[in-house]
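Peer 1: Sharing protein_13.cif, mmCIF, C-alpha atoms:
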data_my_file
loop_
_atom_site.group_PDB
_atom_site.id
_atom_site.type_symbol
_atom_site.label_atom_id
_atom_site.label_comp_id
_atom_site.auth_asym_id
_atom_site.auth_seq_id
_atom_site.Cartn_x
_atom_site.Cartn_y
_atom_site.Cartn_z
ATOM 1 C CA MET A 28 -24.354 18.619 -27.613
ATOM 2 C CA GLN A 29 -22.421 15.492 -26.709
ATOM 3 C CA VAL A 30 -20.451 13.804 -29.473
ATOM 4 C CA LEU A 31 -20.566 10.017 -29.278
ATOM 5 C CA GLU A 32 -18.877 9.159 -32.584
ATOM 6 C CA GLN A 33 -17.640 11.004 -35.630
ATOM 7 C CA LEU A 34 -15.696 10.364 -38.804
ATOM 8 C CA CYS A 35 -14.902 12.405 -41.893
ATOM 9 C CA ILE A 36 -12.707 10.869 -44.575
ATOM 10 C CA GLY A 37 -12.159 11.541 -48.256
ATOM 11 C CA LYS A 38 -12.519 8.870 -50.897
ATOM 12 C CA ARG A 39 -8.862 9.359 -51.830
ATOM 13 C CA GLY A 40 -7.685 9.288 -48.218
ATOM 14 C CA LYS A 41 -6.354 12.862 -48.355
ATOM 15 C CA ALA A 42 -7.934 15.359 -45.951
ATOM 16 C CA GLU A 43 -7.098 18.328 -48.181
ATOM 17 C CA LEU A 44 -9.159 16.819 -51.029
ATOM 18 C CA CYS A 45 -12.217 15.893 -48.954
ATOM 19 C CA GLU A 46 -15.381 17.848 -49.800
ATOM 20 C CA ASP A 47 -17.250 16.601 -46.706
ATOM 21 C CA GLY A 48 -17.124 18.397 -43.381
ATOM 22 C CA VAL A 49 -18.346 17.912 -39.803
ATOM 23 C CA PHE A 50 -19.220 20.733 -37.406
ATOM 24 C CA VAL A 51 -20.128 20.707 -33.702
ATOM 25 C CA ASN A 52 -20.389 23.472 -31.122
ATOM 26 C CA ALA A 53 -22.666 24.059 -28.125
ATOM 27 C CA HIS A 54 -25.583 25.093 -30.342
ATOM 28 C CA PHE A 55 -25.348 23.314 -33.690
ATOM 29 C CA ALA A 56 -24.104 20.051 -35.163
ATOM 30 C CA ALA A 57 -23.827 19.480 -38.885
ATOM 31 C CA VAL A 58 -22.578 17.330 -41.713
ATOM 32 C CA VAL A 59 -21.778 19.279 -44.885
ATOM 33 C CA ASP A 60 -21.390 17.600 -48.274
ATOM 34 C CA GLY A 61 -19.732 19.794 -50.873
ATOM 35 C CA CYS A 62 -20.546 18.987 -54.499
ATOM 36 C CA THR A 63 -18.031 18.738 -57.313
ATOM 37 C CA SER A 64 -18.916 21.243 -60.044
ATOM 38 C CA ARG A 65 -18.441 20.346 -63.664
ATOM 39 C CA LEU A 66 -16.479 23.546 -64.399
ATOM 40 C CA GLN A 67 -14.320 25.940 -62.356
ATOM 41 C CA LEU A 68 -15.104 29.585 -61.680
ATOM 42 C CA VAL A 69 -11.555 30.578 -60.785
ATOM 43 C CA SER A 70 -8.164 28.943 -61.058
ATOM 44 C CA THR A 71 -7.531 27.413 -57.638
ATOM 45 C CA GLN A 72 -6.265 24.175 -56.141
ATOM 46 C CA ARG A 73 -9.400 23.965 -53.997
ATOM 47 C CA SER A 74 -12.376 22.300 -55.661
ATOM 48 C CA SER A 75 -15.732 24.043 -55.777
ATOM 49 C CA GLY A 76 -17.069 21.520 -53.274
ATOM 50 C CA ILE A 77 -14.310 22.338 -50.792
ATOM 51 C CA ILE A 78 -14.953 26.069 -51.180
ATOM 52 C CA ALA A 79 -18.665 25.560 -50.475
ATOM 53 C CA LYS A 80 -17.906 23.280 -47.509
ATOM 54 C CA GLU A 81 -15.420 25.694 -45.959
ATOM 55 C CA SER A 82 -17.743 28.672 -46.482
ATOM 56 C CA ILE A 83 -20.586 26.879 -44.698
ATOM 57 C CA LEU A 84 -18.418 25.593 -41.831
ATOM 58 C CA SER A 85 -17.151 29.131 -41.244
ATOM 59 C CA CYS A 86 -20.714 30.453 -41.306
ATOM 60 C CA LEU A 87 -21.902 27.880 -38.746
ATOM 61 C CA SER A 88 -19.221 28.958 -36.285
ATOM 62 C CA THR A 89 -20.742 32.474 -36.124
ATOM 63 C CA LEU A 90 -24.446 31.565 -36.381
ATOM 64 C CA ASP A 91 -26.846 32.965 -33.781
ATOM 65 C CA PRO A 92 -27.717 30.079 -31.413
ATOM 66 C CA ALA A 93 -31.420 30.940 -31.771
ATOM 67 C CA ALA A 94 -31.340 31.150 -35.585
ATOM 68 C CA THR A 95 -34.415 29.715 -37.262
ATOM 69 C CA MET A 96 -34.173 27.251 -40.131
ATOM 70 C CA GLU A 97 -34.764 30.064 -42.626
ATOM 71 C CA GLN A 98 -32.131 32.270 -40.995
ATOM 72 C CA ALA A 99 -29.575 29.449 -40.864
ATOM 73 C CA PHE A 100 -30.001 28.433 -44.497
ATOM 74 C CA HIS A 101 -30.040 32.055 -45.625
ATOM 75 C CA ALA A 102 -26.740 32.620 -43.822
ATOM 76 C CA MET A 103 -25.123 29.461 -45.220
ATOM 77 C CA ASN A 104 -26.241 30.343 -48.743
ATOM 78 C CA ALA A 105 -25.033 33.934 -48.297
ATOM 79 C CA SER A 106 -21.582 32.672 -47.272
ATOM 80 C CA ILE A 107 -21.178 31.079 -50.715
ATOM 81 C CA LEU A 108 -22.523 34.162 -52.476
ATOM 82 C CA SER A 109 -20.032 36.256 -50.495
ATOM 83 C CA TRP A 110 -17.178 34.133 -51.828
ATOM 84 C CA TYR A 111 -18.350 34.745 -55.418
ATOM 85 C CA GLN A 112 -18.417 38.478 -54.702
ATOM 86 C CA SER A 113 -14.939 38.426 -53.173
ATOM 87 C CA GLN A 114 -13.645 36.813 -56.377
ATOM 88 C CA GLY A 115 -15.628 39.056 -58.719
ATOM 89 C CA VAL A 116 -17.474 36.108 -60.268
ATOM 90 C CA GLU A 117 -21.059 36.549 -59.013
ATOM 91 C CA GLU A 118 -22.501 37.213 -62.475
ATOM 92 C CA GLU A 119 -20.629 34.275 -63.987
ATOM 93 C CA ALA A 120 -21.864 31.959 -61.233
ATOM 94 C CA TYR A 121 -25.431 33.168 -61.698
ATOM 95 C CA SER A 122 -25.380 32.605 -65.458
ATOM 96 C CA ASN A 123 -23.644 29.197 -65.374
ATOM 97 C CA PRO A 124 -24.815 26.772 -62.645
ATOM 98 C CA ALA A 125 -22.192 24.238 -63.773
ATOM 99 C CA LYS A 126 -19.522 26.504 -62.248
ATOM 100 C CA ARG A 127 -21.167 27.125 -58.878
ATOM 101 C CA CYS A 128 -19.819 26.079 -55.493
ATOM 102 C CA SER A 129 -22.572 24.019 -53.897
ATOM 103 C CA ALA A 130 -23.302 21.804 -50.916
ATOM 104 C CA TYR A 131 -25.938 19.859 -49.011
ATOM 105 C CA VAL A 132 -26.363 19.938 -45.240
ATOM 106 C CA SER A 133 -27.842 18.029 -42.321
ATOM 107 C CA LEU A 134 -28.012 20.408 -39.363
ATOM 108 C CA VAL A 135 -29.175 20.038 -35.754
ATOM 109 C CA SER A 136 -30.358 23.085 -33.799
ATOM 110 C CA ARG A 137 -30.169 22.566 -30.036
ATOM 111 C CA PHE A 138 -32.233 25.711 -29.351
ATOM 112 C CA HIS A 139 -35.126 24.651 -31.587
ATOM 113 C CA ARG A 140 -34.613 20.901 -30.996
ATOM 114 C CA GLN A 141 -34.925 20.268 -34.694
ATOM 115 C CA VAL A 142 -32.939 18.602 -37.465
ATOM 116 C CA TRP A 143 -32.877 20.384 -40.815
ATOM 117 C CA VAL A 144 -31.948 18.301 -43.862
ATOM 118 C CA LEU A 145 -31.344 19.550 -47.400
ATOM 119 C CA GLY A 146 -30.841 17.140 -50.279
ATOM 120 C CA ASP A 147 -29.228 13.742 -49.936
ATOM 121 C CA CYS A 148 -27.446 14.375 -46.666
ATOM 122 C CA GLN A 149 -28.928 12.016 -44.099
ATOM 123 C CA ALA A 150 -30.352 12.163 -40.576
ATOM 124 C CA LEU A 151 -31.358 9.200 -38.448
ATOM 125 C CA VAL A 152 -33.512 9.729 -35.347
ATOM 126 C CA GLY A 153 -34.530 6.443 -33.772
ATOM 127 C CA SER A 154 -35.451 4.234 -36.710
ATOM 128 C CA VAL A 155 -36.603 7.102 -38.951
ATOM 129 C CA LEU A 156 -34.273 8.117 -41.786
ATOM 130 C CA THR A 157 -34.648 11.560 -43.359
ATOM 131 C CA THR A 158 -33.028 12.269 -46.727
ATOM 132 C CA ARG A 159 -34.074 13.118 -50.277
ATOM 133 C CA HIS A 160 -32.482 11.623 -53.375
ATOM 134 C CA LYS A 161 -32.637 13.812 -56.481
ATOM 135 C CA ALA A 162 -34.684 12.510 -59.413
ATOM 136 C CA VAL A 163 -31.939 13.578 -61.796
ATOM 137 C CA ASP A 164 -29.383 11.550 -59.793
ATOM 138 C CA THR A 165 -31.608 8.481 -59.969
ATOM 139 C CA LEU A 166 -31.842 8.960 -63.732
ATOM 140 C CA MET A 167 -28.056 9.281 -64.123
ATOM 141 C CA GLU A 168 -27.478 6.239 -61.938
ATOM 142 C CA ASP A 169 -29.896 4.213 -64.049
ATOM 143 C CA VAL A 170 -28.240 5.379 -67.267
ATOM 144 C CA ARG A 171 -24.849 4.401 -65.886
ATOM 145 C CA ALA A 172 -26.194 0.970 -64.884
ATOM 146 C CA LEU A 173 -27.489 0.577 -68.445
ATOM 147 C CA LEU A 174 -24.065 1.455 -69.858
ATOM 148 C CA VAL A 175 -22.335 -0.991 -67.528
ATOM 149 C CA GLU A 176 -24.718 -3.840 -68.297
ATOM 150 C CA HIS A 177 -24.458 -3.156 -72.034
ATOM 151 C CA ALA A 178 -20.660 -3.226 -71.826
ATOM 152 C CA MET A 179 -20.790 -6.552 -70.016
ATOM 153 C CA LEU A 180 -23.130 -7.948 -72.670
ATOM 154 C CA GLN A 181 -20.405 -7.043 -75.163
ATOM 155 C CA GLY A 182 -17.917 -9.136 -73.220
ATOM 156 C CA GLN A 183 -16.332 -6.608 -70.825
ATOM 157 C CA THR A 184 -15.577 -7.910 -67.322
ATOM 158 C CA VAL A 185 -16.063 -6.293 -63.942
ATOM 159 C CA GLU A 186 -12.296 -6.229 -63.518
ATOM 160 C CA TYR A 187 -11.794 -4.449 -66.848
ATOM 161 C CA LEU A 188 -14.456 -1.820 -66.124
ATOM 162 C CA LEU A 189 -12.993 -1.143 -62.671
ATOM 163 C CA ALA A 190 -9.497 -0.757 -64.139
ATOM 164 C CA ASN A 191 -10.812 1.449 -66.972
ATOM 165 C CA PRO A 192 -13.658 3.532 -65.475
ATOM 166 C CA GLN A 193 -13.429 6.065 -68.314
ATOM 167 C CA VAL A 194 -15.043 3.504 -70.633
ATOM 168 C CA ILE A 195 -18.366 4.114 -68.883
ATOM 169 C CA GLN A 196 -17.833 7.559 -67.366
ATOM 170 C CA ALA A 197 -16.982 9.165 -70.726
ATOM 171 C CA LYS A 198 -20.326 8.054 -72.136
ATOM 172 C CA LEU A 199 -22.197 9.109 -69.007
ATOM 173 C CA GLU A 200 -20.597 12.546 -69.081
ATOM 174 C CA GLU A 201 -22.687 13.577 -72.093
ATOM 175 C CA PHE A 202 -25.803 13.195 -69.952
ATOM 176 C CA MET A 203 -24.236 14.553 -66.761
ATOM 177 C CA GLN A 204 -23.488 17.833 -68.505
ATOM 178 C CA LEU A 205 -27.243 18.462 -68.717
ATOM 179 C CA GLN A 206 -27.788 18.229 -64.954
ATOM 180 C CA PRO A 207 -26.667 21.724 -63.796
ATOM 181 C CA ALA A 208 -29.380 23.350 -65.912
ATOM 182 C CA PHE A 209 -31.894 22.042 -63.351
ATOM 183 C CA GLN A 210 -29.964 23.358 -60.316
ATOM 184 C CA ASN A 211 -32.132 25.849 -58.391
ATOM 185 C CA SER A 212 -33.901 26.481 -61.680
ATOM 186 C CA VAL A 213 -36.868 28.850 -61.743
ATOM 187 C CA PHE A 214 -38.566 26.665 -64.350
ATOM 188 C CA PRO A 215 -40.804 23.775 -63.210
ATOM 189 C CA SER A 216 -39.384 20.357 -63.956
ATOM 190 C CA SER A 217 -39.432 16.912 -62.393
ATOM 191 C CA TYR A 218 -35.609 17.044 -62.560
ATOM 192 C CA ARG A 219 -35.252 20.397 -60.812
ATOM 193 C CA TYR A 220 -33.283 20.211 -57.554
ATOM 194 C CA THR A 221 -32.398 22.542 -54.694
ATOM 195 C CA VAL A 222 -28.922 23.064 -53.255
ATOM 196 C CA LEU A 223 -26.970 25.700 -51.325
ATOM 197 C CA ASP A 224 -25.012 27.418 -54.087
ATOM 198 C CA GLY A 225 -25.364 31.162 -53.437
ATOM 199 C CA PHE A 226 -28.716 31.260 -55.234
ATOM 200 C CA PHE A 227 -30.806 29.061 -52.941
ATOM 201 C CA SER A 228 -34.291 30.312 -51.994
ATOM 202 C CA ASP A 229 -36.591 27.269 -51.695
ATOM 203 C CA TYR A 230 -36.793 26.854 -47.937
ATOM 204 C CA GLN A 231 -39.780 24.534 -48.318
ATOM 205 C CA HIS A 232 -37.397 21.875 -49.652
ATOM 206 C CA VAL A 233 -35.610 21.685 -46.304
ATOM 207 C CA GLN A 234 -36.954 18.688 -44.369
ATOM 208 C CA ILE A 235 -37.606 19.345 -40.680
ATOM 209 C CA VAL A 236 -37.483 16.698 -37.954
ATOM 210 C CA ASN A 237 -38.775 17.674 -34.504
ATOM 211 C CA LEU A 238 -36.888 16.165 -31.580
ATOM 212 C CA PRO A 239 -38.469 15.201 -28.264
ATOM 213 C CA ASP A 240 -37.708 17.286 -25.163
ATOM 214 C CA ALA A 241 -35.725 14.455 -23.578
ATOM 215 C CA PRO A 242 -32.070 13.903 -24.575
ATOM 216 C CA THR A 243 -32.088 12.249 -27.991
ATOM 217 C CA ILE A 244 -29.485 10.450 -30.088
ATOM 218 C CA VAL A 245 -29.207 11.848 -33.620
ATOM 219 C CA VAL A 246 -27.035 10.478 -36.414
ATOM 220 C CA LEU A 247 -26.034 12.740 -39.303
ATOM 221 C CA ALA A 248 -24.191 11.574 -42.424
ATOM 222 C CA SER A 249 -23.365 12.448 -45.995
ATOM 223 C CA ASP A 250 -24.474 10.296 -48.927
ATOM 224 C CA GLY A 251 -21.087 8.578 -48.922
ATOM 225 C CA TYR A 252 -22.844 5.906 -46.880
ATOM 226 C CA PRO A 253 -25.275 3.753 -48.906
ATOM 227 C CA GLN A 254 -26.911 2.634 -45.651
ATOM 228 C CA LEU A 255 -27.070 4.618 -42.424
ATOM 229 C CA HIS A 256 -27.151 2.671 -39.160
ATOM 230 C CA PRO A 257 -27.316 3.820 -35.510
ATOM 231 C CA THR A 258 -23.579 3.259 -34.962
ATOM 232 C CA LEU A 259 -20.447 4.056 -36.916
ATOM 233 C CA ALA A 260 -19.275 0.444 -36.804
ATOM 234 C CA ALA A 261 -22.495 -0.875 -38.359
ATOM 235 C CA THR A 262 -22.541 1.888 -40.970
ATOM 236 C CA GLU A 263 -18.908 1.257 -41.927
ATOM 237 C CA GLU A 264 -19.554 -2.489 -42.082
ATOM 238 C CA ALA A 265 -22.444 -1.955 -44.515
ATOM 239 C CA LEU A 266 -20.240 0.260 -46.702
ATOM 240 C CA GLU A 267 -17.423 -2.300 -46.689
ATOM 241 C CA LEU A 268 -19.863 -5.028 -47.731
ATOM 242 C CA GLN A 269 -21.197 -2.839 -50.559
ATOM 243 C CA LEU A 270 -17.725 -2.056 -51.878
ATOM 244 C CA ARG A 271 -16.680 -5.697 -51.714
ATOM 245 C CA GLN A 272 -19.772 -7.202 -53.330
ATOM 246 C CA ASP A 273 -20.619 -4.473 -55.853
ATOM 247 C CA PRO A 274 -17.579 -2.217 -56.516
ATOM 248 C CA LEU A 275 -19.102 -1.071 -59.814
ATOM 249 C CA MET A 276 -21.971 0.461 -57.771
ATOM 250 C CA VAL A 277 -24.744 -0.687 -60.104
ATOM 251 C CA SER A 278 -26.396 -3.645 -58.371
ATOM 252 C CA THR A 279 -27.136 -3.511 -54.636
ATOM 253 C CA PHE A 280 -26.590 0.274 -54.646
ATOM 254 C CA ARG A 281 -26.390 2.584 -57.639
ATOM 255 C CA ALA A 282 -24.102 5.581 -57.921
ATOM 256 C CA THR A 283 -22.804 7.793 -60.719
ATOM 257 C CA LYS A 284 -19.274 6.453 -60.250
ATOM 258 C CA PRO A 285 -17.631 3.167 -59.221
ATOM 259 C CA LEU A 286 -14.986 2.415 -56.636
ATOM 260 C CA ILE A 287 -11.942 3.840 -58.436
ATOM 261 C CA ALA A 288 -8.782 1.763 -58.101
ATOM 262 C CA GLY A 289 -6.638 3.153 -55.280
ATOM 263 C CA ASN A 290 -9.518 4.995 -53.610
ATOM 264 C CA LEU A 291 -10.856 4.165 -50.164
ATOM 265 C CA SER A 292 -14.496 4.410 -51.252
ATOM 266 C CA PHE A 293 -16.730 5.561 -54.076
ATOM 267 C CA ASP A 294 -17.318 8.942 -52.384
ATOM 268 C CA ASP A 295 -16.206 11.122 -49.486
ATOM 269 C CA ARG A 296 -18.054 10.176 -46.316
ATOM 270 C CA SER A 297 -18.838 11.705 -42.950
ATOM 271 C CA PHE A 298 -20.689 10.399 -39.903
ATOM 272 C CA LEU A 299 -21.700 12.159 -36.691
ATOM 273 C CA ARG A 300 -23.586 10.631 -33.743
ATOM 274 C CA ILE A 301 -24.551 12.994 -30.971
ATOM 275 C CA ILE A 302 -26.864 13.372 -27.999
ATOM 276 C CA VAL A 303 -28.977 16.530 -28.200
#
Could you rewrite the structure in this file as structure tokens?
Peer 2:
Amino acid sequence: MQVLEQLCIGKRGKAELCEDGVFVNAHFAAVVDGCTSRLQLVSTQRSSGIIAKESILSCLSTLDPAATMEQAFHAMNASILSWYQSQGVEEEAYSNPAKRCSAYVSLVSRFHRQVWVLGDCQALVGSVLTTRHKAVDTLMEDVRALLVEHAMLQGQTVEYLLANPQVIQAKLEEFMQLQPAFQNSVFPSSYRYTVLDGFFSDYQHVQIVNLPDAPTIVVLASDGYPQLHPTLAATEEALELQLRQDPLMVSTFRATKPLIAGNLSFDDRSFLRIIV
């Protein structure tokens, strides 16, 4: 594994608050995107997304170099479950998905010459992008766009909505509270989604990209980048353009939150370009 470029930065510019993580050793390279839970399992200064991220990064450092996709994702999932058990909250986490520590991952295995992608983490090999946006996220983004456009029809300005994000986010929250019910749910639904949260089991939802035998450039990133390009400079430039032209995040790219005043971006972001 040869690292060409990497970046990991939190939306608030504070490393201790960033729920993204980057990992590289001789056998694996990964971008981990921890998810913010709606509720907390235990009283701690670390968010649930940070706990999930740190659990997975620790797991990757001890992973068997020849681990299969199933073995790797089982181990990463088990690392989160182990944290629940250490805190005595396994039953509570099982019964209330809104409290779980969860994360998505893009992972390269040098031994298998494969990229494994879960959820909306991203992988770019050549010109082919691999990612999967959740249907429930698309729905929430559309609802938020509706709320923003309705507010502007009532006379609110972009500047006002950026300075007072709670005007929209408070209304969206009523819908967002429904989302965790679909997390790793055993019931069929078009809004069901899969994530590493200690109760992951749907290995078929992991996307697999086979790499050629020759040395290959692979780019991994979290969903903090609306557009993924072959270089960090081009990817950062696209993000800067998005934030400048559409800081409400409802037009050229939709998100469940805007660019909050004082933040560096609308989300944590991480980028890793390597040769495998």
Peer 1: Counting all atoms listed in the file, which residues in region 29-51 of chain A sit no more than 9 Å from region 78-93 of chain A? For each one, give the nearest pair of atoms and the distance in Å, sorted by chain then residue number, as JSON lines.
Peer 2:
{"residue": "A:Glu46", "atom": "CA", "partner": "A:Lys80", "partner_atom": "CA", "distance": 6.4}
{"residue": "A:Asp47", "atom": "CA", "partner": "A:Lys80", "partner_atom": "CA", "distance": 6.8}
{"residue": "A:Gly48", "atom": "CA", "partner": "A:Lys80", "partner_atom": "CA", "distance": 6.4}
{"residue": "A:Val49", "atom": "CA", "partner": "A:Leu84", "partner_atom": "CA", "distance": 7.9}
{"residue": "A:Phe50", "atom": "CA", "partner": "A:Leu84", "partner_atom": "CA", "distance": 6.6}
{"residue": "A:Val51", "atom": "CA", "partner": "A:Ser88", "partner_atom": "CA", "distance": 8.7}
Peer 1: Here's the selection I'm unsure about, the PyMOL selection byres ((chain A and resi 69) around 12); applied to the file above, which residues does it give, as a PyMOL selection string?
Peer 2: chain A and resi 64+66-68+70-75+78+110-111+113-117+119-120+126-128
Peer 1: Starting from the displayed file, determine the output of the PyMOL selection byres ((chain A and resi 211) around 6) and express the residue list as a PDB file with C-alpha atoms, in the coordinates of the input.
Peer 2:
ATOM      1  CA  GLN A 210     -29.964  23.358 -60.316  1.00  0.00           C
ATOM      2  CA  SER A 212     -33.901  26.481 -61.680  1.00  0.00           C
ATOM      3  CA  TYR A 220     -33.283  20.211 -57.554  1.00  0.00           C
ATOM      4  CA  THR A 221     -32.398  22.542 -54.694  1.00  0.00           C
TER       5      THR A 221
END
Peer 1: If we count only C-alpha atoms and set the cut-off at 9 Å, which residues sit around Leu31 (chain A), ignoring sequence neighbours fewer than 6 positions away in its own chain? Please answer as a PyMOL selection string.
Peer 2: chain A and resi 244+299-302
Peer 1: Which residues come within 12 Å of region 267-277 of chain A, counting only C-alpha atoms, excluding same-chain residues fewer than 6 positions away, as a PyMOL selection string?
Peer 2: chain A and resi 165+167-176+179+184-192+195-196+251-254+260-261+283-288+290-294
Peer 1: May I have the residues within 12 Å of Ala42 (chain A) as a short mmCIF file (atom, residue, chain, number, x, y, z; two decimals) with C-alpha atoms, keeping the file's coordinate frame, using only C-alpha atoms and disregarding those fewer than 6 positions away in the same chain?
Peer 2:
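Here's the written file around00.cif:
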data_model
loop_
_atom_site.label_atom_id
_atom_site.label_comp_id
_atom_site.auth_asym_id
_atom_site.auth_seq_id
_atom_site.Cartn_x
_atom_site.Cartn_y
_atom_site.Cartn_z
CA LEU A 34 -15.70 10.36 -38.80
CA CYS A 35 -14.90 12.40 -41.89
CA ILE A 36 -12.71 10.87 -44.58
CA GLY A 48 -17.12 18.40 -43.38
CA ARG A 73 -9.40 23.96 -54.00
CA ILE A 77 -14.31 22.34 -50.79
CA ASP A 295 -16.21 11.12 -49.49
CA ARG A 296 -18.05 10.18 -46.32
CA SER A 297 -18.84 11.70 -42.95
#
Peer 1: Using all atoms listed in the file, find the one residue out of A:Val303, A:Ala125, A:Val142, A:Ile107 that sits nearest to Met203 (chain A).
Peer 2: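 Of all the options, A:Ala125 lies closest to Met203 (chain A).
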Peer 1: Residues at most 12 Å from Thr243 (chain A), counting all atoms listed in the file, excluding those fewer than 3 positions away in the same chain, as a list in words?
Peer 2: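 The contact residues come out as Met28, Gln29, Val30, Leu31, Val135, Arg137, Arg140, Gln141, Val142, Leu151, Val152, Gly153, Asn237, Leu238, Pro239, Asp240, Val246, Arg300, Ile301, Ile302 and Val303 of chain A.
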